[in-house]
Every structure is written in structure tokens, then in C-alpha cells.
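upload.cif follows (mmCIF, C-alpha atoms):
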```
data_model
#
loop_
_atom_site.label_atom_id
_atom_site.label_comp_id
_atom_site.auth_asym_id
_atom_site.auth_seq_id
_atom_site.Cartn_x
_atom_site.Cartn_y
_atom_site.Cartn_z
CA MET A 6 0.00 0.00 0.00
CA THR A 7 1.29 3.40 -1.00
CA ASP A 8 1.12 6.54 1.13
CA ALA A 9 -1.61 7.66 -1.13
CA ASP A 10 -3.44 4.42 -0.50
CA GLY A 11 -3.07 4.95 3.22
CA VAL A 12 -4.50 8.37 3.01
CA ASN A 13 -7.07 7.84 0.35
CA GLY A 14 -7.88 4.22 0.98
CA PRO A 15 -11.16 2.81 2.09
CA GLY A 16 -12.82 4.91 4.84
CA ALA A 17 -10.50 7.83 4.19
CA ASP A 18 -13.47 10.20 4.15
CA ALA A 19 -14.46 9.30 7.77
CA ALA A 20 -13.08 11.49 10.58
CA VAL A 21 -10.70 9.85 12.96
CA VAL A 22 -11.67 10.59 16.66
CA THR A 23 -9.29 9.76 19.46
CA THR A 24 -10.83 9.52 23.00
CA PRO A 25 -8.31 10.15 25.80
CA THR A 26 -8.24 7.70 28.65
CA PRO A 27 -9.35 9.35 31.90
CA THR A 28 -6.89 9.33 34.74
CA ALA A 29 -7.13 9.73 38.51
CA ASP A 30 -5.83 13.27 38.13
CA ASP A 31 -9.02 14.41 36.39
CA ASN A 32 -10.82 16.41 39.09
CA ARG A 33 -14.31 15.59 37.91
CA THR A 34 -16.87 12.89 38.34
CA ILE A 35 -16.82 10.58 35.33
CA LEU A 36 -20.22 9.19 34.34
CA ASP A 37 -20.77 6.56 31.65
CA ASN A 38 -23.97 7.75 30.06
CA GLY A 39 -23.55 5.26 27.30
CA ARG A 40 -24.73 2.19 29.18
CA ALA A 41 -27.54 0.37 27.53
CA ASP A 42 -29.72 0.38 30.66
CA GLY A 43 -28.93 4.02 31.47
CA SER A 44 -27.53 3.17 34.93
CA LEU A 45 -24.51 4.80 36.49
CA PRO A 46 -21.32 2.89 37.13
CA ALA A 47 -19.96 2.14 40.59
CA PHE A 48 -17.87 5.04 41.96
CA THR A 49 -15.09 3.64 44.08
CA ASP A 50 -12.24 6.14 43.78
CA LEU A 51 -13.83 9.05 45.72
CA VAL A 52 -10.51 10.75 46.39
CA ALA A 53 -9.85 11.05 42.66
CA GLY A 54 -13.35 12.30 41.91
CA PRO A 55 -13.98 15.44 44.05
CA ALA A 56 -12.64 18.86 43.25
CA PRO A 57 -9.45 19.85 45.08
CA GLU A 58 -11.29 22.03 47.61
CA ASN A 59 -13.40 19.01 48.66
CA ARG A 60 -10.65 16.43 48.91
CA THR A 61 -9.59 17.61 52.37
CA LEU A 62 -13.11 16.95 53.66
CA VAL A 63 -13.22 13.49 52.06
CA GLU A 64 -9.89 12.56 53.56
CA ALA A 65 -10.80 13.96 56.98
CA LYS A 66 -14.09 12.06 57.03
CA LYS A 67 -12.37 8.93 55.69
CA TRP A 68 -15.11 8.37 53.16
CA ALA A 69 -14.21 5.46 50.87
CA SER A 70 -17.35 5.57 48.76
CA LEU A 71 -20.39 7.61 47.90
CA ASP A 72 -22.40 5.45 50.31
CA ASP A 73 -20.25 6.72 53.16
CA ALA A 74 -20.90 10.33 52.14
CA PHE A 75 -24.65 9.75 51.77
CA LYS A 76 -24.82 8.04 55.17
CA SER A 77 -23.01 10.92 56.82
CA HIS A 78 -25.35 13.42 55.21
CA ARG A 79 -28.43 11.52 56.40
CA GLU A 80 -27.11 11.45 59.94
CA LEU A 81 -26.44 15.17 59.78
CA GLU A 82 -29.99 15.88 58.61
CA THR A 83 -31.38 13.76 61.43
CA HIS A 84 -29.29 15.62 64.00
CA VAL A 85 -30.25 19.03 62.64
CA GLY A 86 -33.89 18.01 62.70
CA LYS A 87 -33.65 17.22 66.40
CA ALA A 88 -31.55 20.26 67.37
CA LEU A 89 -33.15 23.03 69.45
CA VAL A 90 -32.90 26.37 67.73
CA PRO A 91 -33.65 29.48 69.83
CA PRO A 92 -36.49 31.65 68.54
CA SER A 93 -35.68 34.75 66.54
CA LYS A 94 -35.23 38.10 68.26
CA ASP A 95 -38.78 39.14 67.31
CA ALA A 96 -40.36 35.88 68.49
CA THR A 97 -43.54 35.96 70.54
CA ALA A 98 -43.82 35.05 74.21
CA GLU A 99 -45.60 31.86 73.21
CA GLU A 100 -42.69 30.84 71.01
CA TRP A 101 -40.22 31.46 73.81
CA ASN A 102 -42.39 29.52 76.28
CA ALA A 103 -42.48 26.59 73.89
CA PHE A 104 -38.69 26.72 73.55
CA TYR A 105 -38.16 26.88 77.32
CA GLY A 106 -40.54 23.96 77.72
CA LYS A 107 -38.37 21.86 75.41
CA LEU A 108 -35.36 22.77 77.54
CA GLY A 109 -37.12 21.34 80.58
CA ARG A 110 -38.55 24.42 82.29
CA PRO A 111 -41.60 23.51 84.45
CA GLU A 112 -44.97 24.92 83.46
CA LYS A 113 -45.20 27.05 86.62
CA PRO A 114 -42.68 28.49 89.12
CA GLU A 115 -44.05 26.12 91.75
CA GLY A 116 -42.65 23.28 89.66
CA TYR A 117 -39.12 24.00 90.88
CA GLU A 118 -38.32 21.79 93.88
CA LEU A 119 -35.45 23.75 95.39
CA LYS A 120 -33.57 21.84 98.06
CA VAL A 121 -31.73 23.54 100.94
CA ALA A 122 -28.56 21.82 102.18
CA ARG A 123 -29.11 22.69 105.85
CA GLU A 124 -26.11 20.64 106.92
CA SER A 125 -23.80 22.99 105.04
CA LEU A 126 -25.35 26.17 106.50
CA PRO A 127 -24.84 27.81 109.90
CA PRO A 128 -27.38 26.42 112.43
CA ASP A 129 -28.90 29.87 113.00
CA PHE A 130 -28.81 30.93 109.34
CA PRO A 131 -32.14 32.68 108.57
CA TYR A 132 -33.21 31.07 105.30
CA ASP A 133 -35.76 33.43 103.77
CA GLU A 134 -38.76 31.49 102.44
CA THR A 135 -40.07 34.67 100.82
CA LEU A 136 -36.85 35.00 98.86
CA SER A 137 -37.15 31.36 97.86
CA VAL A 138 -40.54 32.07 96.28
CA GLU A 139 -39.12 35.08 94.44
CA PHE A 140 -36.18 32.99 93.24
CA ARG A 141 -38.60 30.47 91.70
CA ASN A 142 -40.38 33.27 89.89
CA TRP A 143 -37.09 34.68 88.58
CA ALA A 144 -35.91 31.25 87.41
CA HIS A 145 -39.18 30.69 85.55
CA GLU A 146 -39.04 34.11 83.88
CA GLU A 147 -35.51 33.39 82.62
CA GLY A 148 -36.48 29.95 81.31
CA LEU A 149 -34.15 27.96 83.57
CA SER A 150 -34.36 24.20 83.77
CA PRO A 151 -34.77 22.64 87.25
CA LYS A 152 -31.07 21.72 87.28
CA GLN A 153 -30.02 25.26 86.37
CA ALA A 154 -32.37 26.77 88.96
CA GLN A 155 -31.02 24.50 91.70
CA GLY A 156 -27.45 25.34 90.76
CA PHE A 157 -28.01 29.10 90.89
CA HIS A 158 -30.00 28.72 94.12
CA ASP A 159 -27.18 26.81 95.82
CA LYS A 160 -24.60 29.40 94.78
CA PHE A 161 -26.78 32.28 95.99
CA VAL A 162 -27.57 30.66 99.36
CA GLY A 163 -23.91 29.77 99.81
CA ARG A 164 -22.91 33.38 99.23
CA GLN A 165 -25.53 34.57 101.71
CA ALA A 166 -24.29 32.06 104.30
CA ASN A 167 -20.73 33.32 103.91
CA ALA A 168 -21.90 36.90 104.38
CA PHE A 169 -23.88 35.84 107.46
CA ASN A 170 -20.82 34.19 109.01
CA ALA A 171 -18.68 37.23 108.27
CA MET A 172 -21.23 39.57 109.85
CA ARG A 173 -21.54 37.37 112.95
CA GLU A 174 -17.78 37.24 113.37
CA SER A 175 -17.62 41.02 113.03
CA ILE A 176 -20.29 41.51 115.71
CA THR A 177 -18.55 39.08 118.05
CA LYS A 178 -15.26 40.92 117.59
CA LYS A 179 -16.90 44.29 118.28
CA ALA A 180 -18.64 42.94 121.37
CA ASP A 181 -15.37 41.50 122.73
CA THR A 182 -13.56 44.80 122.13
CA ALA A 183 -16.33 46.81 123.78
CA HIS A 184 -16.42 44.43 126.74
CA SER A 185 -12.68 44.81 127.26
CA GLU A 186 -13.02 48.59 127.26
CA ILE A 187 -15.97 48.45 129.69
CA VAL A 188 -14.12 46.12 132.05
CA GLN A 189 -11.09 48.40 131.96
CA GLU A 190 -13.32 51.36 132.91
CA PHE A 191 -15.86 49.74 135.29
CA GLY A 192 -13.99 46.73 136.68
CA GLN A 193 -14.69 43.01 136.40
CA PRO A 194 -18.30 41.89 135.74
CA ASP A 195 -18.71 40.47 139.25
CA THR A 196 -17.86 43.76 140.96
CA ASP A 197 -20.38 46.29 142.28
CA GLY A 198 -18.86 49.07 140.18
CA TYR A 199 -19.41 47.13 136.96
CA LYS A 200 -22.97 46.18 137.86
CA ARG A 201 -23.85 49.72 138.90
CA ASN A 202 -22.51 51.31 135.70
CA VAL A 203 -24.18 48.72 133.47
CA GLU A 204 -27.48 49.41 135.20
CA LEU A 205 -26.95 53.16 134.78
CA MET A 206 -26.22 52.96 131.06
CA SER A 207 -29.11 50.55 130.45
CA ARG A 208 -31.59 52.80 132.24
CA ALA A 209 -30.24 55.88 130.51
CA ALA A 210 -30.82 54.28 127.10
CA ARG A 211 -34.37 53.31 128.06
CA GLN A 212 -35.11 56.72 129.56
CA LEU A 213 -33.86 58.50 126.44
CA GLY A 214 -35.80 56.09 124.22
CA ILE A 215 -32.81 55.32 122.01
CA THR A 216 -32.45 51.55 122.49
CA ASP A 217 -34.07 50.65 119.16
CA ALA A 218 -32.17 53.40 117.35
CA LEU A 219 -28.89 52.08 118.73
CA LYS A 220 -29.74 48.59 117.49
CA GLU A 221 -30.59 49.90 114.04
CA GLY A 222 -27.32 51.83 113.98
CA GLY A 223 -25.30 48.74 114.85
CA MET A 224 -24.24 50.05 118.27
CA ILE A 225 -26.18 47.36 120.13
CA SER A 226 -26.52 43.74 118.96
CA ALA A 227 -29.87 42.00 118.57
CA ASP A 228 -29.46 40.39 122.00
CA GLY A 229 -28.70 43.76 123.66
CA ALA A 230 -24.91 43.62 123.87
CA LEU A 231 -23.16 46.98 123.49
CA LEU A 232 -20.74 46.99 120.56
CA ASN A 233 -19.01 50.27 121.35
CA GLY A 234 -17.07 50.90 124.54
CA LYS A 235 -17.15 54.68 124.22
CA LEU A 236 -20.94 54.61 123.93
CA ALA A 237 -21.19 52.42 127.03
CA LYS A 238 -19.13 54.86 129.09
CA ALA A 239 -21.12 57.83 127.79
CA LEU A 240 -24.45 56.21 128.67
CA ALA A 241 -23.18 55.28 132.12
CA LYS A 242 -22.24 58.93 132.73
CA VAL A 243 -25.67 60.09 131.51
CA GLY A 244 -27.35 57.56 133.78
CA LYS A 245 -25.27 58.68 136.74
CA ASP A 246 -26.26 62.30 136.15
CA MET A 247 -29.92 61.29 135.88
CA PHE A 248 -30.29 58.86 138.76
CA SER A 249 -27.32 58.37 141.07
CA GLU A 250 -27.87 61.47 143.23
CA ASP A 251 -31.11 59.99 144.53
CA SER A 252 -30.58 58.57 148.02
CA TYR A 253 -33.15 55.91 147.29
CA ALA A 254 -31.40 54.84 144.11
CA SER A 255 -28.43 53.14 145.78
CA GLY A 256 -28.51 50.01 147.90
CA ASP A 257 -26.04 49.02 150.53
CA GLY A 258 -23.67 47.57 147.97
CA GLY A 259 -23.68 50.74 145.90
CA VAL A 260 -25.62 49.09 143.07
CA LEU A 261 -28.26 51.35 141.58
CA GLU A 262 -31.79 50.41 142.64
CA ASN A 263 -35.13 51.84 141.63
CA PRO A 264 -38.08 51.36 143.99
CA PHE A 265 -40.39 51.54 140.95
CA SER A 266 -38.60 48.80 138.95
CA LYS A 267 -39.64 45.19 138.89
CA GLY A 268 -37.34 43.15 141.06
CA SER A 269 -36.52 46.04 143.38
CA GLU A 270 -40.05 47.41 143.83
CA ASN A 271 -40.54 48.99 147.25
CA LEU A 272 -43.89 50.64 147.99
CA THR A 273 -42.60 52.34 151.15
CA LYS A 274 -39.71 53.99 149.35
CA GLN A 275 -42.00 54.90 146.46
CA GLY A 276 -44.31 56.80 148.81
CA GLN A 277 -41.46 58.53 150.57
CA LEU A 278 -39.88 59.59 147.28
CA ILE A 279 -43.16 60.83 145.80
CA SER A 280 -43.70 63.01 148.86
CA SER A 281 -40.14 64.28 149.33
CA ASP A 282 -38.93 64.70 145.76
CA PRO A 283 -41.61 64.46 143.01
CA ASN A 284 -39.16 65.29 140.22
CA LYS A 285 -36.87 62.40 141.10
CA ALA A 286 -39.88 60.15 141.50
CA ARG A 287 -41.00 61.00 138.01
CA ALA A 288 -37.51 60.33 136.59
CA LEU A 289 -37.26 56.96 138.30
CA MET A 290 -40.76 55.97 137.19
CA ARG A 291 -39.92 56.79 133.58
CA ALA A 292 -36.65 54.83 133.91
CA ALA A 293 -38.72 51.87 135.10
CA GLY A 294 -41.05 52.22 132.10
CA LEU A 295 -43.93 53.67 134.11
CA ASP A 296 -46.05 56.75 133.43
CA PRO A 297 -45.78 59.31 136.28
CA ASN A 298 -49.15 60.77 135.24
CA THR A 299 -50.85 57.72 136.69
CA ILE A 300 -50.02 59.15 140.13
CA PRO A 301 -52.25 62.18 140.80
CA SER A 302 -49.62 64.02 142.85
CA LEU A 303 -47.03 63.60 140.09
CA ARG A 304 -49.17 64.91 137.24
CA GLN A 305 -47.85 68.04 135.60
#
```
Please lay out the structure from this file as C-alpha cells.
Amino acid sequence: MTDADGVNGPGADAAVVTTPTPTADDNRTILDNGRADGSLPAFTDLVAGPAPENRTLVEAKKWASLDDAFKSHRELETHVGKALVPPSKDATAEEWNAFYGKLGRPEKPEGYELKVARESLPPDFPYDETLSVEFRNWAHEEGLSPKQAQGFHDKFVGRQANAFNAMRESITKKADTAHSEIVQEFGQPDTDGYKRNVELMSRAARQLGITDALKEGGMISADGALLNGKLAKALAKVGKDMFSEDSYASGDGGVLENPFSKGSENLTKQGQLISSDPNKARALMRAAGLDPNTIPSLRQ
């Protein structure tokens, strides 16, 4: 055969088409659309098929086939379908209530069963039941689950207990300091001088009507203990000026007595004092918590 025959031989008029063989470097999915039944071929080399930007994902997920990718996608859709998505910023109260309900919030504030760990609190710690009710309301408004509400409750009560202990320690320290100052000024508690001055300052506070004010100001503790030594000495001086000059006010031991007071009531001395010195009688009656106007001769 001559060159001419090769070129112009049989079938020379037909175009010669060369189809390149695909390689693993082709970054595209290769489909055989020429199958007689129209089906797609098995796709086993997934690493060779995806585009470069997707290969990292395939390798990270360790997908070996399309089935692996499809399975992962189905699982993702299932998870997303079950996920709780917060309502939008313009959601209604009903939508928020429905969301909180899915999170486990009880229908009403009373549904929170808050427990108080009494064993971890000071024995005399004043747990406020009113505050507990308010805490339930706050927890419900903020959509807290029972576990969240209990956790915040425990932290809050614990903080309050610490503050209570600190306050009690502070009061005890103040009382000890004041007592030391009083003892230094008046003598030991078992002496007549101490007893007399304590009685004078107590009666002075009652006479002046400032006992409650001193408690509110933190100068006297709830049980009546003075927390300031200087105040104790000042009240004792005021009491001495008010009562000690009365001859009927001192007993044999020098301890201040009041014939109108319970425990030292003396009708004979009362009558003598009312007759001899009405002004002092009035002062002692007021110190004992009595109204001098109940005695006709002492009315002013």
C-alpha cells in the first residue's frame, strides 16, 4: 500500500476521533452515560473524583465511597432536625415559652423543687422562704431548667451564708472589744462598780428612748450587747447624772436600785420619794417604764 493508499484508501473520508483515557488526576466525576440500561457505574475512587477544595473533607471524614458520604449526610440531617434552635429576636412570648418547655422548664414556678442543704449552712442561718418564692419566679421568667435553677440557688444561698458568718464574726469581735473597754473602765463583771454602771447605762438608754435606734445603727446587737465601749461609758455617765444622786437609788452595795422597777419594787420607798422629791420620783418611774401621770400628785 502506498502513502496515497493509506491516506485515500477505504474509509478515508471518515473522521478519525481519538478519545483520551481518563486518569485519577481528572478532578471531575466521570459518568458513563452510554450504558444500555442508562444506569450509572460504581464510583469507588472518591478521592480522585472530588474537586481539590473538597478532597480535604473526604480525607478527613475517611469516606471510601459515595455510600459513606450519603450516610453521613443523612445522619447530619437527622441531628439538625432534632436540634433546638432558639427563637428569633422578634419571636412571641408563646414561642419562647415553647422553647423553654423543650429545655425542661416547668410549666409554673411552683414546679421547681429547690432543696436547701441545711447541713452545710450555719445552724442559725435565717433562710428566707419569701426570697425562695421570688427565686422560683425569677428562674421561671428566665427559662431555667430545674437543674439550672437548683445550681443558681445553691450558689446564691452559699454566698448569703458566707456573708452571714462574716457579719456574725464582726459583731462578736466588736462585742469582745467593747467588753474589754468596759471592764477596763468599770472593773470586772462580778464587781459592784461594773454592775452599777451597766445598770446606769441601760436605764439611761431606756429613759432616752434610744435603744431601738442604737440597734438599728449597729451600736447594740440583737441580744442587747453593746458593741461600742465609748458609747457604754457615755451612757453610764448620763445615767449617773440622771439617777445616782437619789438617796433611794443606791442600795447598801452601791448598786443602783429603783423602787419603781420590777425586782426592786418597794412601795414604802416609792411613797417617801413621791412626797419628798416628786421630780426624782417622776424620773425613776420613767426609767422603770412607768407613766408618772398615773399618780395624781405627780401629774404636771
Hits from the PyMOL selection byres ((chain A and resi 131-145) around 10), listed as a PDB file with C-alpha atoms, in the coordinates of the input:
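Wrote selection.pdb, looks like this:
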```
ATOM      1  CA  ASN A 102     -42.390  29.520  76.280  1.00  0.00           C
ATOM      2  CA  TYR A 105     -38.160  26.880  77.320  1.00  0.00           C
ATOM      3  CA  ARG A 110     -38.550  24.420  82.290  1.00  0.00           C
ATOM      4  CA  PRO A 111     -41.600  23.510  84.450  1.00  0.00           C
ATOM      5  CA  GLU A 112     -44.970  24.920  83.460  1.00  0.00           C
ATOM      6  CA  LYS A 113     -45.200  27.050  86.620  1.00  0.00           C
ATOM      7  CA  PRO A 114     -42.680  28.490  89.120  1.00  0.00           C
ATOM      8  CA  GLU A 115     -44.050  26.120  91.750  1.00  0.00           C
ATOM      9  CA  GLY A 116     -42.650  23.280  89.660  1.00  0.00           C
ATOM     10  CA  TYR A 117     -39.120  24.000  90.880  1.00  0.00           C
ATOM     11  CA  GLU A 118     -38.320  21.790  93.880  1.00  0.00           C
ATOM     12  CA  LEU A 119     -35.450  23.750  95.390  1.00  0.00           C
ATOM     13  CA  VAL A 121     -31.730  23.540 100.940  1.00  0.00           C
ATOM     14  CA  ARG A 123     -29.110  22.690 105.850  1.00  0.00           C
ATOM     15  CA  LEU A 126     -25.350  26.170 106.500  1.00  0.00           C
ATOM     16  CA  PRO A 127     -24.840  27.810 109.900  1.00  0.00           C
ATOM     17  CA  PRO A 128     -27.380  26.420 112.430  1.00  0.00           C
ATOM     18  CA  ASP A 129     -28.900  29.870 113.000  1.00  0.00           C
ATOM     19  CA  PHE A 130     -28.810  30.930 109.340  1.00  0.00           C
ATOM     20  CA  GLU A 146     -39.040  34.110  83.880  1.00  0.00           C
ATOM     21  CA  GLU A 147     -35.510  33.390  82.620  1.00  0.00           C
ATOM     22  CA  GLY A 148     -36.480  29.950  81.310  1.00  0.00           C
ATOM     23  CA  LEU A 149     -34.150  27.960  83.570  1.00  0.00           C
ATOM     24  CA  SER A 150     -34.360  24.200  83.770  1.00  0.00           C
ATOM     25  CA  PRO A 151     -34.770  22.640  87.250  1.00  0.00           C
ATOM     26  CA  GLN A 153     -30.020  25.260  86.370  1.00  0.00           C
ATOM     27  CA  ALA A 154     -32.370  26.770  88.960  1.00  0.00           C
ATOM     28  CA  GLN A 155     -31.020  24.500  91.700  1.00  0.00           C
ATOM     29  CA  PHE A 157     -28.010  29.100  90.890  1.00  0.00           C
ATOM     30  CA  HIS A 158     -30.000  28.720  94.120  1.00  0.00           C
ATOM     31  CA  PHE A 161     -26.780  32.280  95.990  1.00  0.00           C
ATOM     32  CA  VAL A 162     -27.570  30.660  99.360  1.00  0.00           C
ATOM     33  CA  GLN A 165     -25.530  34.570 101.710  1.00  0.00           C
ATOM     34  CA  ALA A 166     -24.290  32.060 104.300  1.00  0.00           C
ATOM     35  CA  PHE A 169     -23.880  35.840 107.460  1.00  0.00           C
TER      36      PHE A 169
END
```
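Using all atoms listed in the file for every distance, the candidate list A:Asn202, A:Ser77, A:Gln212, A:Ser266 yields A:Asn202 as the residue closest to A:Ala239.
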Practice item. Name the closest residue to A:Glu124 among the candidates A:Lys107, A:Ala56, A:Gly163, A:Ser70; distances are taken between atoms, counting only C-alpha atoms. Key: A:Gly163
Review point. Contacts of stretch 213-220 of chain A at 12 Å or less, counting all atoms listed in the file, minus same-chain residues fewer than 2 places along, as JSON, numbers by chain?
Key: {"A": [176, 206, 207, 208, 209, 210, 211, 222, 223, 224, 225, 226, 227, 228, 229, 230, 231, 232, 233, 236, 237, 240, 243, 244, 247, 288, 291, 292, 293, 294]}
Practice item. Point out the residue among A:Gln275, A:Glu221, A:Glu270, A:Arg201 with the least atom-to-atom distance to A:Lys245, counting all atoms listed in the file. Key: A:Arg201
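Residues matched by the PyMOL selection byres ((chain A and resi 181-188) around 8) in this structure: A:Thr177, A:Lys178, A:Lys179, A:Ala180, A:Gln189, A:Glu190, A:Phe191, A:Gly192, A:Gln193, A:Pro194, A:Tyr199, A:Leu231, A:Leu232, A:Asn233, A:Gly234, A:Lys235, A:Ala237, A:Lys238.
Across A:Lys66, A:Glu204, A:Lys160, A:Gln277, the tightest approach to A:Ala122 is made by A:Lys160 when counting only C-alpha atoms.
As for atom CA of A:Arg173 and atom CA of A:Asp195, they are spaced 26.6 Å apart.
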